[in-house]
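Novice: Hey, dropping entry13.txt in here, compact mmCIF, C-alpha atoms and all ligand atoms:
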# COMPACT_ATOMS: atom_id res chain seq x y z
CA PHE A 1 0.00 0.00 0.00
CA ARG A 2 2.77 2.37 1.08
CA SER A 3 4.76 1.88 -2.06
CA SER A 4 1.72 2.42 -4.25
CA LEU A 5 1.01 5.65 -2.29
CA ASN A 6 4.59 6.79 -2.89
CA PHE A 7 4.22 5.90 -6.53
CA SER A 8 1.08 7.99 -6.95
CA LEU A 9 2.58 10.88 -4.96
CA GLY A 10 5.53 10.64 -7.28
CA ARG A 11 3.22 10.99 -10.23
CA ILE A 12 1.48 13.95 -8.67
CA GLU A 13 4.89 15.59 -8.17
CA VAL A 14 5.76 15.06 -11.80
CA GLN A 15 2.39 16.53 -12.81
CA ARG A 16 3.00 19.55 -10.58
CA VAL A 17 6.46 20.14 -12.01
CA LYS A 18 5.01 19.88 -15.51
CA MET A 19 2.21 22.29 -14.64
CA LEU A 20 4.66 24.79 -13.18
CA TYR A 21 6.88 24.39 -16.22
CA GLY A 22 3.81 24.86 -18.40
CA TYR A 23 2.89 27.94 -16.41
CA PHE A 24 6.24 29.60 -17.06
CA TYR A 25 7.11 28.27 -20.49
CA GLY A 26 3.77 26.98 -21.62
CA GLY A 27 0.88 28.00 -23.85
CA LYS A 28 -0.22 30.99 -21.85
CA HIS A 29 3.18 32.66 -21.84
CA MET A 30 5.10 31.78 -25.00
CA LYS A 31 2.93 32.99 -27.85
CA ILE A 32 5.32 35.31 -29.61
CA ILE A 33 5.11 37.56 -32.67
CA MET A 34 8.28 38.74 -34.41
CA LEU A 35 7.93 42.22 -35.89
CA GLY A 36 10.46 44.08 -37.96
CA ALA A 37 11.36 45.26 -41.44
CA PRO A 38 12.32 42.76 -44.13
CA GLY A 39 15.83 41.63 -43.28
CA ALA A 40 15.70 42.87 -39.68
CA GLY A 41 16.50 39.35 -38.47
CA LYS A 42 13.03 38.05 -37.58
CA GLY A 43 13.72 34.62 -39.05
CA THR A 44 17.20 34.38 -37.52
CA GLN A 45 15.92 35.18 -34.02
CA ALA A 46 12.67 33.18 -34.36
CA LYS A 47 14.70 30.06 -35.07
CA LYS A 48 16.83 30.58 -31.96
CA ILE A 49 13.75 31.25 -29.80
CA ALA A 50 12.03 28.12 -31.13
CA GLU A 51 15.08 25.99 -30.31
CA LYS A 52 15.63 27.40 -26.83
CA TYR A 53 12.02 27.19 -25.66
CA SER A 54 11.03 24.09 -27.70
CA ILE A 55 8.15 25.76 -29.50
CA PRO A 56 7.35 25.72 -33.23
CA HIS A 57 8.68 28.44 -35.54
CA ILE A 58 5.91 29.43 -37.93
CA SER A 59 7.14 31.55 -40.84
CA THR A 60 4.52 32.53 -43.40
CA GLY A 61 7.27 33.45 -45.87
CA ASP A 62 8.77 29.94 -45.50
CA ILE A 63 5.32 28.36 -45.91
CA PHE A 64 4.75 30.30 -49.13
CA ARG A 65 8.23 29.48 -50.45
CA ALA A 66 7.67 25.77 -49.75
CA ASN A 67 4.36 25.99 -51.64
CA ILE A 68 6.05 27.73 -54.56
CA LYS A 69 8.73 25.06 -54.65
CA ASN A 70 6.08 22.30 -54.64
CA GLY A 71 4.04 24.05 -57.33
CA THR A 72 0.80 24.17 -55.31
CA GLU A 73 -2.14 26.47 -56.16
CA LEU A 74 -1.39 28.57 -53.08
CA GLY A 75 2.24 28.81 -54.17
CA LYS A 76 1.28 29.98 -57.67
CA LYS A 77 -0.99 32.68 -56.27
CA ALA A 78 1.52 33.85 -53.66
CA LYS A 79 4.44 34.01 -56.11
CA THR A 80 2.87 36.74 -58.25
CA TYR A 81 2.81 39.04 -55.20
CA MET A 82 6.06 37.97 -53.57
CA ASP A 83 8.21 38.45 -56.66
CA GLN A 84 7.01 42.05 -56.85
CA GLY A 85 7.75 42.69 -53.17
CA LEU A 86 4.02 43.06 -52.41
CA LEU A 87 2.07 41.42 -49.60
CA VAL A 88 0.00 38.35 -50.39
CA PRO A 89 -3.71 39.19 -49.81
CA ASP A 90 -4.89 38.74 -46.20
CA GLU A 91 -7.44 36.04 -47.13
CA LEU A 92 -4.65 33.76 -48.39
CA VAL A 93 -2.74 33.91 -45.13
CA VAL A 94 -5.11 34.31 -42.17
CA ASP A 95 -6.82 30.89 -42.19
CA LEU A 96 -3.52 29.20 -42.86
CA VAL A 97 -1.98 30.62 -39.67
CA VAL A 98 -5.10 30.25 -37.53
CA ASP A 99 -5.33 26.56 -38.48
CA ARG A 100 -1.63 26.10 -37.81
CA VAL A 101 -1.70 27.51 -34.25
CA LYS A 102 -4.54 25.16 -33.35
CA GLN A 103 -2.35 22.11 -33.94
CA ASP A 104 -1.15 20.06 -30.97
CA ASP A 105 2.48 21.08 -31.17
CA CYS A 106 1.41 24.70 -30.50
CA SER A 107 -0.05 23.94 -27.07
CA ASN A 108 3.07 25.26 -25.30
CA GLY A 109 3.25 28.37 -27.47
CA TYR A 110 4.84 29.29 -30.81
CA VAL A 111 6.77 32.00 -32.53
CA LEU A 112 5.11 33.71 -35.49
CA ASP A 113 7.58 35.11 -38.03
CA GLY A 114 6.16 37.33 -40.78
CA PHE A 115 2.60 37.27 -39.47
CA PRO A 116 0.61 39.39 -38.78
CA ARG A 117 1.73 41.96 -41.29
CA THR A 118 -1.34 44.16 -41.55
CA ILE A 119 -3.86 45.48 -39.02
CA PRO A 120 -6.65 43.24 -40.43
CA GLN A 121 -4.37 40.18 -40.00
CA ALA A 122 -3.64 41.19 -36.38
CA GLU A 123 -7.33 41.67 -35.68
CA ALA A 124 -8.23 38.33 -37.24
CA LEU A 125 -5.56 36.60 -35.14
CA ASP A 126 -6.76 38.24 -31.92
CA LYS A 127 -10.34 37.30 -32.69
CA ALA A 128 -9.48 33.66 -33.37
CA LEU A 129 -7.41 33.44 -30.17
CA ALA A 130 -10.08 35.17 -28.08
CA ALA A 131 -12.56 32.52 -29.24
CA MET A 132 -10.23 29.95 -27.63
CA GLY A 133 -9.80 32.08 -24.49
CA GLU A 134 -6.24 32.98 -25.43
CA ALA A 135 -4.17 36.03 -26.39
CA MET A 136 -0.67 36.71 -27.70
CA ASP A 137 1.99 37.25 -25.02
CA TYR A 138 4.79 39.17 -26.75
CA ALA A 139 5.31 41.16 -29.93
CA ILE A 140 9.08 41.54 -30.31
CA ASN A 141 10.09 44.34 -32.63
CA VAL A 142 13.59 43.89 -34.04
CA GLU A 143 14.65 47.41 -34.92
CA VAL A 144 17.03 47.98 -37.84
CA PRO A 145 17.18 51.23 -39.86
CA ASP A 146 16.53 51.01 -43.61
CA GLU A 147 20.16 51.90 -44.48
CA ASN A 148 21.40 48.63 -42.93
CA ILE A 149 18.76 46.48 -44.57
CA VAL A 150 19.79 46.61 -48.22
CA ARG A 151 23.36 45.64 -47.30
CA ARG A 152 22.13 42.67 -45.28
CA MET A 153 19.79 41.40 -47.95
CA SER A 154 22.36 41.33 -50.71
CA GLY A 155 24.53 39.07 -48.52
CA ARG A 156 21.74 36.75 -47.42
CA ARG A 157 21.69 33.23 -48.82
CA ALA A 158 18.80 30.81 -48.37
CA CYS A 159 18.76 27.04 -48.73
CA VAL A 160 16.49 25.90 -51.58
CA ASP A 161 15.70 22.66 -49.72
CA CYS A 162 15.19 23.45 -46.01
CA GLY A 163 14.84 27.25 -46.02
CA ALA A 164 17.73 27.84 -43.58
CA THR A 165 19.12 31.37 -43.81
CA TYR A 166 22.76 32.47 -43.83
CA HIS A 167 24.78 35.58 -44.56
CA ILE A 168 28.02 35.56 -46.52
CA VAL A 169 29.67 37.82 -43.89
CA TYR A 170 27.57 37.73 -40.68
CA ALA A 171 26.40 34.10 -40.65
CA PRO A 172 28.53 32.10 -43.12
CA THR A 173 28.15 28.39 -43.82
CA LYS A 174 30.98 25.94 -43.08
CA GLU A 175 31.36 25.13 -46.79
CA GLU A 176 30.78 27.86 -49.33
CA ASN A 177 27.26 27.77 -50.87
CA ILE A 178 26.29 24.50 -49.17
CA CYS A 179 23.66 24.38 -46.42
CA ASP A 180 25.08 23.31 -43.00
CA ASN A 181 21.74 21.69 -42.17
CA CYS A 182 20.90 19.55 -45.18
CA HIS A 183 23.71 20.10 -47.75
CA GLY A 184 21.20 21.78 -50.09
CA GLU A 185 22.20 24.50 -52.54
CA LEU A 186 22.12 28.14 -51.40
CA ILE A 187 20.51 30.87 -53.48
CA LEU A 188 19.89 34.63 -53.38
CA ARG A 189 16.13 34.91 -52.83
CA GLU A 190 14.23 36.24 -55.85
CA ASP A 191 12.86 39.12 -53.74
CA ASP A 192 16.30 40.06 -52.33
CA LYS A 193 17.39 41.91 -55.47
CA PRO A 194 18.05 45.56 -54.43
CA GLU A 195 15.12 47.08 -56.37
CA THR A 196 12.64 44.62 -54.82
CA VAL A 197 14.11 45.15 -51.34
CA GLN A 198 13.34 48.89 -51.59
CA LYS A 199 9.79 48.04 -52.61
CA ARG A 200 9.40 45.66 -49.65
CA LEU A 201 10.68 48.37 -47.30
CA ASN A 202 8.03 50.80 -48.61
CA VAL A 203 5.33 48.16 -48.17
CA TYR A 204 6.62 47.50 -44.65
CA HIS A 205 6.41 51.17 -43.64
CA GLU A 206 2.92 51.55 -45.06
CA GLN A 207 1.24 48.31 -44.03
CA THR A 208 3.21 46.62 -41.26
CA GLN A 209 4.74 49.39 -39.15
CA PRO A 210 1.29 50.42 -37.78
CA LEU A 211 1.36 47.11 -35.87
CA ILE A 212 3.95 48.64 -33.52
CA ASP A 213 1.29 51.03 -32.17
CA TYR A 214 -1.30 48.26 -32.22
CA TYR A 215 0.77 46.03 -29.90
CA THR A 216 1.97 48.96 -27.79
CA GLU A 217 -1.68 49.63 -26.98
CA LYS A 218 -2.09 45.96 -26.05
CA ASN A 219 0.90 46.29 -23.71
CA ILE A 220 2.82 43.40 -25.23
CA LEU A 221 5.37 45.25 -27.36
CA VAL A 222 9.07 44.60 -26.68
CA GLU A 223 11.69 46.60 -28.59
CA VAL A 224 15.16 45.17 -29.24
CA ASP A 225 18.07 46.72 -31.09
CA GLY A 226 18.58 44.60 -34.22
CA THR A 227 21.78 46.31 -35.37
CA VAL A 228 24.07 44.53 -32.91
CA ASP A 229 25.36 41.04 -33.63
CA ILE A 230 23.05 38.02 -33.80
CA ASP A 231 23.93 36.62 -30.36
CA GLU A 232 23.57 40.01 -28.68
CA VAL A 233 20.10 40.48 -30.18
CA PHE A 234 19.18 37.03 -28.89
CA ALA A 235 20.53 37.79 -25.41
CA ALA A 236 18.29 40.87 -25.24
CA ILE A 237 15.29 38.71 -26.20
CA VAL A 238 16.10 36.01 -23.63
CA ASN A 239 16.40 38.75 -21.05
CA VAL A 240 12.74 39.52 -21.64
CA LEU A 241 11.42 35.98 -22.12
CA GLY A 242 13.36 34.47 -19.23
CA ALA A 243 16.37 32.13 -19.28
P1 LIG A 301 9.20 36.91 -45.44
O1 LIG A 301 9.86 35.66 -45.80
O2 LIG A 301 8.53 37.04 -44.12
O3 LIG A 301 10.21 38.09 -45.65
P2 LIG A 301 10.42 39.47 -44.90
O4 LIG A 301 9.49 39.93 -43.86
O5 LIG A 301 10.64 40.43 -45.98
O6 LIG A 301 11.59 39.21 -44.00
P3 LIG A 301 12.86 38.45 -44.38
O7 LIG A 301 12.66 36.98 -44.28
O8 LIG A 301 13.38 39.01 -45.66
O9 LIG A 301 13.84 38.97 -43.24
P4 LIG A 301 14.01 38.49 -41.75
O10 LIG A 301 13.59 39.61 -40.84
O11 LIG A 301 13.46 37.15 -41.50
O12 LIG A 301 15.60 38.48 -41.68
P5 LIG A 301 16.64 37.25 -41.62
O13 LIG A 301 16.61 36.65 -40.28
O14 LIG A 301 16.51 36.38 -42.79
O15 LIG A 301 8.09 37.25 -46.54
C1 LIG A 301 8.41 37.20 -47.92
C2 LIG A 301 7.18 37.61 -48.73
O16 LIG A 301 6.10 36.66 -48.46
C3 LIG A 301 6.58 38.97 -48.40
O17 LIG A 301 7.21 40.00 -49.12
C4 LIG A 301 5.11 38.77 -48.81
O18 LIG A 301 4.96 38.86 -50.20
C5 LIG A 301 4.83 37.31 -48.42
N1 LIG A 301 4.28 37.19 -47.07
C6 LIG A 301 4.81 36.52 -46.01
N2 LIG A 301 4.04 36.63 -44.93
C7 LIG A 301 2.96 37.37 -45.30
C8 LIG A 301 1.81 37.84 -44.62
N3 LIG A 301 1.61 37.57 -43.30
N4 LIG A 301 0.92 38.60 -45.30
C9 LIG A 301 1.09 38.88 -46.59
N5 LIG A 301 2.18 38.47 -47.30
C10 LIG A 301 3.11 37.73 -46.66
O19 LIG A 301 17.98 38.10 -41.72
C11 LIG A 301 18.34 38.78 -42.92
C12 LIG A 301 19.84 38.58 -43.20
O20 LIG A 301 20.61 39.29 -42.24
C13 LIG A 301 20.32 37.12 -43.12
O21 LIG A 301 21.29 36.90 -44.09
C14 LIG A 301 20.90 37.02 -41.71
O22 LIG A 301 21.90 36.02 -41.63
C15 LIG A 301 21.43 38.41 -41.47
N6 LIG A 301 21.29 38.84 -40.09
C16 LIG A 301 20.26 38.60 -39.24
N7 LIG A 301 20.46 39.19 -38.04
C17 LIG A 301 21.66 39.85 -38.15
C18 LIG A 301 22.43 40.66 -37.25
N8 LIG A 301 22.01 40.94 -36.01
N9 LIG A 301 23.59 41.17 -37.72
C19 LIG A 301 24.02 40.92 -38.98
N10 LIG A 301 23.36 40.14 -39.86
C20 LIG A 301 22.19 39.62 -39.46
MG MG A 302 12.47 35.71 -42.74
Translate the structure described by the file into structure tokens.

Specialist:
Amino acid sequence: FRSSLNFSLGRIEVQRVKMLYGYFYGGKHMKIIMLGAPGAGKGTQAKKIAEKYSIPHISTGDIFRANIKNGTELGKKAKTYMDQGLLVPDELVVDLVVDRVKQDDCSNGYVLDGFPRTIPQAEALDKALAAMGEAMDYAINVEVPDENIVRRMSGRRACVDCGATYHIVYAPTKEENICDNCHGELILREDDKPETVQKRLNVYHEQTQPLIDYYTEKNILVEVDGTVDIDEVFAAIVNVLGA
């Protein structure tokens, strides 16, 4: 009897530890939005956050690029906008993200990279979460002035197979032009040509920057300096999210 009591107490302890862990790192506290201009480092930091806190990294840009690569209908539609540096229409992206965050692996939180990007997208996300009794916890704005962006983009290389991102100077691969992750080939993204980058920056200032005020009003905005090196930016984020 005694040993079975110990056993069940043991299980209760494990449950309690899990609940406490869930309370600090779990669903209610790790729903994160990455904000920032194209090339600010959203993807770079989102990946590090996802690894450290064991939550999924959901990048709408990566989802679209995977669809383009696989020749899906969604990919064909998205490509016409992306190649011009324009945003894909809200109706093509909202349901996709809302469905994604309802999946089981998102129960401890997630990091959204590249979504929301317009006020209507932010409102649709809030409404869908509110219906589940939830809300976003952090909107992390990675601040980088426009002057730095064009230089960064021209040096960025992306893996055609797994989507991993590198930089020829700031985040080089071990072997030139070969992905460290999957040995895929690295390319300059179609929308990283300088003329398209300028267009994306204009679109960002017009349509996405208003989200900074939106999340300030919701009291979840966190600003980090994105001009310092990758590990320093990450340290500033961890300082806010907790070690
Ligand atoms: P998306 O893929 O989201 O592109 P983006 O927002 O333009 O952002 P990027 O991925 O270009 O930059 P990033 O901030 O992730 O920077 P990264 O970490 O790579 O979207 C592409 C397109 O898809 C959009 O234009 C739109 O058409 C469509 N789309 C996607 N989502 C949509 C939505 N919700 N609604 C409508 N349309 C949507 O870093 C950049 C480079 O800098 C890398 O080489 C990196 O190694 C380097 N770097 C990063 N941090 C540092 C640092 N601190 N110091 C030095 N170098 C650094
Ligand atoms: Mg990105």

Novice: Determine, counting only C-alpha atoms, every residue of protein, DNA or RNA that lies within 8 Å of (0.0, 32.9, -42.7) in the file coordinates, then give the result as a list in words.

Specialist: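 Residues found, by chain and rising number: Ser59, Thr60, Gly61, Ile63, Leu92, Val93, Val94, Asp95, Leu96, Val97, Val98, Gly114, Phe115 and Pro116 of chain A.
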
Novice: Considering only C-alpha atoms, can you say which of A:Leu87, A:Met153, A:Leu186, A:Ala46 comes closest to Gln121 of chain A?

Specialist: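 Going through A:Leu87, A:Met153, A:Leu186, A:Ala46 one by one, the smallest distance to Gln121 of chain A is for A:Leu87.
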
Novice: Any idea what the distance is between atom CA of Thr173 of chain A and atom CA of Asp225 of chain A?

Specialist: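 Going from atom CA of Thr173 of chain A over to atom CA of Asp225 of chain A covers 24.5 Å.
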
Novice: Excluding Tyr204 of chain A and its own-chain neighbours fewer than 5 positions away, which residues fall within 8 Å of it when counting all atoms listed in the file? Please give them as a VMD selection string.

Specialist: chain A and resid 37 to 38 209

Novice: Between atom CA of Val224 of chain A and atom N5 of ligand LIG 301 (chain A), measure the distance and give it in Å to one decimal.

Specialist: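 About the pair atom CA of Val224 of chain A and atom N5 of ligand LIG 301 (chain A): they are 23.2 Å apart.
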
Novice: What do you get as a CSV table (one decimal) with C-alpha atoms, in the coordinates of the input if you pick all residues at most 7 Å from ligand MG 302 (chain A), counting all atoms listed in the file?

Specialist:
chain,number,residue,atom,x,y,z
A,39,GLY,CA,15.8,41.6,-43.3
A,41,GLY,CA,16.5,39.4,-38.5
A,42,LYS,CA,13.0,38.0,-37.6
A,43,GLY,CA,13.7,34.6,-39.0
A,61,GLY,CA,7.3,33.4,-45.9
A,113,ASP,CA,7.6,35.1,-38.0
A,114,GLY,CA,6.2,37.3,-40.8

Novice: Which distance in Å separates atom CA of Glu232 of chain A and atom C17 of ligand LIG 301 (chain A), to one decimal?

Specialist: 9.7 Å

Novice: Would you compute the box with edges along x, y and z of the file around segment 159-169 of chain A, including every atom the file lists for it and 3 Å extra on each side, and give its centre and edge lengths in Å to one decimal, as lines of an AutoDock Vina configuration file?

Specialist:
center_x = 22.3
center_y = 30.2
center_z = -47.6
size_x = 20.8
size_y = 21.2
size_z = 14.0

Novice: Would you pick out the contacts of Val101 of chain A at 12 Å or less, using all atoms listed in the file, so that residues sharing its chain but fewer than 4 positions from it are not included, and give the list as a short mmCIF file (atom, residue, chain, number, x, y, z; two decimals) with C-alpha atoms, in the coordinates of the input?

Specialist:
data_model
loop_
_atom_site.label_atom_id
_atom_site.label_comp_id
_atom_site.auth_asym_id
_atom_site.auth_seq_id
_atom_site.Cartn_x
_atom_site.Cartn_y
_atom_site.Cartn_z
CA GLY A 27 0.88 28.00 -23.85
CA LYS A 31 2.93 32.99 -27.85
CA ILE A 32 5.32 35.31 -29.61
CA ILE A 55 8.15 25.76 -29.50
CA PRO A 56 7.35 25.72 -33.23
CA HIS A 57 8.68 28.44 -35.54
CA ILE A 58 5.91 29.43 -37.93
CA SER A 59 7.14 31.55 -40.84
CA VAL A 94 -5.11 34.31 -42.17
CA ASP A 95 -6.82 30.89 -42.19
CA LEU A 96 -3.52 29.20 -42.86
CA VAL A 97 -1.98 30.62 -39.67
CA ASP A 105 2.48 21.08 -31.17
CA CYS A 106 1.41 24.70 -30.50
CA SER A 107 -0.05 23.94 -27.07
CA ASN A 108 3.07 25.26 -25.30
CA GLY A 109 3.25 28.37 -27.47
CA TYR A 110 4.84 29.29 -30.81
CA VAL A 111 6.77 32.00 -32.53
CA LEU A 112 5.11 33.71 -35.49
CA PHE A 115 2.60 37.27 -39.47
CA LEU A 125 -5.56 36.60 -35.14
CA ALA A 128 -9.48 33.66 -33.37
CA LEU A 129 -7.41 33.44 -30.17
CA MET A 132 -10.23 29.95 -27.63
CA GLU A 134 -6.24 32.98 -25.43
CA ALA A 135 -4.17 36.03 -26.39
CA MET A 136 -0.67 36.71 -27.70
#

Novice: So that I can see what lies close to segment 147-151 of chain A, please list as a PyMOL selection string the residues with an atom at most 8 Å from it, counting only C-alpha atoms and leaving out residues fewer than 4 positions away in the same chain.

Specialist: chain A and resi 38-40+155+194+197-198+227

Novice: For Asp213 of chain A, which residue among A:Asp146, A:Gln103, A:Thr118, A:Lys76 is the nearest when counting only C-alpha atoms?

Specialist: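 The closest residue to Asp213 of chain A is A:Thr118.
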
Novice: What would the list of residues within 6 Å of (10.9, 43.4, -29.1) (file frame) look like as a list in words, if all atoms listed in the file are what count?

Specialist: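 Within the cut-off we find Ile140, Asn141, Val142, Val222, Glu223 and Val224 of chain A.
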
Novice: Using all atoms listed in the file, determine which residues lie at most 8 Å from Phe64 of chain A, disregarding the query and same-chain residues fewer than 4 positions distant; provide the list as a count of residues only.

Specialist: 6

Novice: Between A:Asn219, A:Gln207, A:Thr72, A:Ser54, single out the one closest to ligand LIG 301 (chain A), counting all atoms listed in the file.

Specialist: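 Closest to ligand LIG 301 (chain A), using all atoms listed in the file: A:Gln207.
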
Novice: Measuring atom to atom with all atoms listed in the file, identify which of A:Val160, A:Met82, A:Ile178, A:Leu35 is nearest to ligand LIG 301 (chain A).

Specialist: A:Met82

Novice: Kindly indicate which residue among A:Asn202, A:Asn67, A:Asn239, A:Thr165 lies nearest to ligand LIG 301 (chain A), using all atoms listed in the file for the distances.

Specialist: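 Going through A:Asn202, A:Asn67, A:Asn239, A:Thr165 one by one, the smallest distance to ligand LIG 301 (chain A) is for A:Thr165.
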
Novice: Nearest residue to Ala66 of chain A out of A:Glu217, A:Asp126, A:Asp161, A:Asp231, using all atoms listed in the file?

Specialist: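 Among the listed residues, the smallest separation from Ala66 of chain A belongs to A:Asp161.
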
Novice: Excluding Leu86 of chain A and its own-chain neighbours fewer than 4 positions away, which residues fall within 8 Å of it when counting all atoms listed in the file? Please give them as an MDAnalysis selection string.

Specialist: chainID A and resid 81:82 199:200 203

Novice: Would you kindly place all heavy atoms on segment 194-202 of chain A and return the model as a PDB file, keeping the file's coordinate frame?

Specialist:
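Once everything was written out, this is selection_39.pdb:
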ATOM      1  N   PRO A 194      18.163  44.224 -55.043  1.00  0.00           N
ATOM      2  CA  PRO A 194      18.050  45.560 -54.430  1.00  0.00           C
ATOM      3  C   PRO A 194      16.773  46.325 -54.772  1.00  0.00           C
ATOM      4  O   PRO A 194      16.171  46.940 -53.890  1.00  0.00           O
ATOM      5  CB  PRO A 194      19.288  46.287 -54.948  1.00  0.00           C
ATOM      6  CG  PRO A 194      20.265  45.208 -55.234  1.00  0.00           C
ATOM      7  CD  PRO A 194      19.474  43.997 -55.646  1.00  0.00           C
ATOM      8  N   GLU A 195      16.307  46.274 -56.036  1.00  0.00           N
ATOM      9  CA  GLU A 195      15.120  47.080 -56.370  1.00  0.00           C
ATOM     10  C   GLU A 195      13.869  46.541 -55.668  1.00  0.00           C
ATOM     11  O   GLU A 195      13.013  47.297 -55.222  1.00  0.00           O
ATOM     12  CB  GLU A 195      14.917  47.229 -57.894  1.00  0.00           C
ATOM     13  CG  GLU A 195      14.872  46.000 -58.774  1.00  0.00           C
ATOM     14  CD  GLU A 195      16.192  45.215 -58.975  1.00  0.00           C
ATOM     15  OE1 GLU A 195      17.240  45.515 -58.352  1.00  0.00           O
ATOM     16  OE2 GLU A 195      16.141  44.244 -59.753  1.00  0.00           O
ATOM     17  N   THR A 196      13.795  45.223 -55.503  1.00  0.00           N
ATOM     18  CA  THR A 196      12.640  44.620 -54.820  1.00  0.00           C
ATOM     19  C   THR A 196      12.722  44.872 -53.310  1.00  0.00           C
ATOM     20  O   THR A 196      11.704  45.071 -52.647  1.00  0.00           O
ATOM     21  CB  THR A 196      12.564  43.107 -55.097  1.00  0.00           C
ATOM     22  OG1 THR A 196      12.839  42.894 -56.472  1.00  0.00           O
ATOM     23  CG2 THR A 196      11.183  42.560 -54.792  1.00  0.00           C
ATOM     24  N   VAL A 197      13.940  44.898 -52.773  1.00  0.00           N
ATOM     25  CA  VAL A 197      14.110  45.150 -51.340  1.00  0.00           C
ATOM     26  C   VAL A 197      13.547  46.535 -50.995  1.00  0.00           C
ATOM     27  O   VAL A 197      12.832  46.705 -50.002  1.00  0.00           O
ATOM     28  CB  VAL A 197      15.594  45.044 -50.921  1.00  0.00           C
ATOM     29  CG1 VAL A 197      15.808  45.562 -49.504  1.00  0.00           C
ATOM     30  CG2 VAL A 197      16.059  43.597 -51.027  1.00  0.00           C
ATOM     31  N   GLN A 198      13.854  47.536 -51.841  1.00  0.00           N
ATOM     32  CA  GLN A 198      13.340  48.890 -51.590  1.00  0.00           C
ATOM     33  C   GLN A 198      11.813  48.880 -51.591  1.00  0.00           C
ATOM     34  O   GLN A 198      11.171  49.474 -50.732  1.00  0.00           O
ATOM     35  CB  GLN A 198      13.883  49.865 -52.648  1.00  0.00           C
ATOM     36  CG  GLN A 198      13.636  51.319 -52.304  1.00  0.00           C
ATOM     37  CD  GLN A 198      14.102  51.685 -50.879  1.00  0.00           C
ATOM     38  OE1 GLN A 198      15.271  51.487 -50.518  1.00  0.00           O
ATOM     39  NE2 GLN A 198      13.174  52.169 -50.036  1.00  0.00           N
ATOM     40  N   LYS A 199      11.248  48.146 -52.533  1.00  0.00           N
ATOM     41  CA  LYS A 199       9.790  48.040 -52.610  1.00  0.00           C
ATOM     42  C   LYS A 199       9.236  47.399 -51.322  1.00  0.00           C
ATOM     43  O   LYS A 199       8.245  47.879 -50.743  1.00  0.00           O
ATOM     44  CB  LYS A 199       9.440  47.178 -53.840  1.00  0.00           C
ATOM     45  CG  LYS A 199       7.981  46.991 -54.143  1.00  0.00           C
ATOM     46  CD  LYS A 199       7.397  48.290 -54.683  1.00  0.00           C
ATOM     47  CE  LYS A 199       5.880  48.290 -54.691  1.00  0.00           C
ATOM     48  NZ  LYS A 199       5.324  47.762 -55.891  1.00  0.00           N
ATOM     49  N   ARG A 200       9.858  46.347 -50.870  1.00  0.00           N
ATOM     50  CA  ARG A 200       9.400  45.660 -49.650  1.00  0.00           C
ATOM     51  C   ARG A 200       9.494  46.583 -48.434  1.00  0.00           C
ATOM     52  O   ARG A 200       8.645  46.541 -47.552  1.00  0.00           O
ATOM     53  CB  ARG A 200      10.224  44.389 -49.415  1.00  0.00           C
ATOM     54  CG  ARG A 200       9.828  43.269 -50.360  1.00  0.00           C
ATOM     55  CD  ARG A 200      10.875  42.194 -50.441  1.00  0.00           C
ATOM     56  NE  ARG A 200      11.128  41.516 -49.196  1.00  0.00           N
ATOM     57  CZ  ARG A 200      12.251  40.847 -48.919  1.00  0.00           C
ATOM     58  NH1 ARG A 200      13.219  40.787 -49.815  1.00  0.00           N
ATOM     59  NH2 ARG A 200      12.381  40.236 -47.769  1.00  0.00           N
ATOM     60  N   LEU A 201      10.558  47.421 -48.412  1.00  0.00           N
ATOM     61  CA  LEU A 201      10.680  48.370 -47.300  1.00  0.00           C
ATOM     62  C   LEU A 201       9.526  49.368 -47.320  1.00  0.00           C
ATOM     63  O   LEU A 201       8.957  49.691 -46.276  1.00  0.00           O
ATOM     64  CB  LEU A 201      12.023  49.112 -47.390  1.00  0.00           C
ATOM     65  CG  LEU A 201      13.218  48.352 -46.827  1.00  0.00           C
ATOM     66  CD1 LEU A 201      14.533  49.062 -47.191  1.00  0.00           C
ATOM     67  CD2 LEU A 201      13.124  48.225 -45.306  1.00  0.00           C
ATOM     68  N   ASN A 202       9.159  49.853 -48.518  1.00  0.00           N
ATOM     69  CA  ASN A 202       8.030  50.800 -48.610  1.00  0.00           C
ATOM     70  C   ASN A 202       6.752  50.138 -48.135  1.00  0.00           C
ATOM     71  O   ASN A 202       5.986  50.724 -47.376  1.00  0.00           O
ATOM     72  CB  ASN A 202       7.839  51.291 -50.056  1.00  0.00           C
ATOM     73  CG  ASN A 202       9.049  52.063 -50.558  1.00  0.00           C
ATOM     74  OD1 ASN A 202       9.886  52.500 -49.759  1.00  0.00           O
ATOM     75  ND2 ASN A 202       9.153  52.228 -51.863  1.00  0.00           N
TER      76      ASN A 202
END
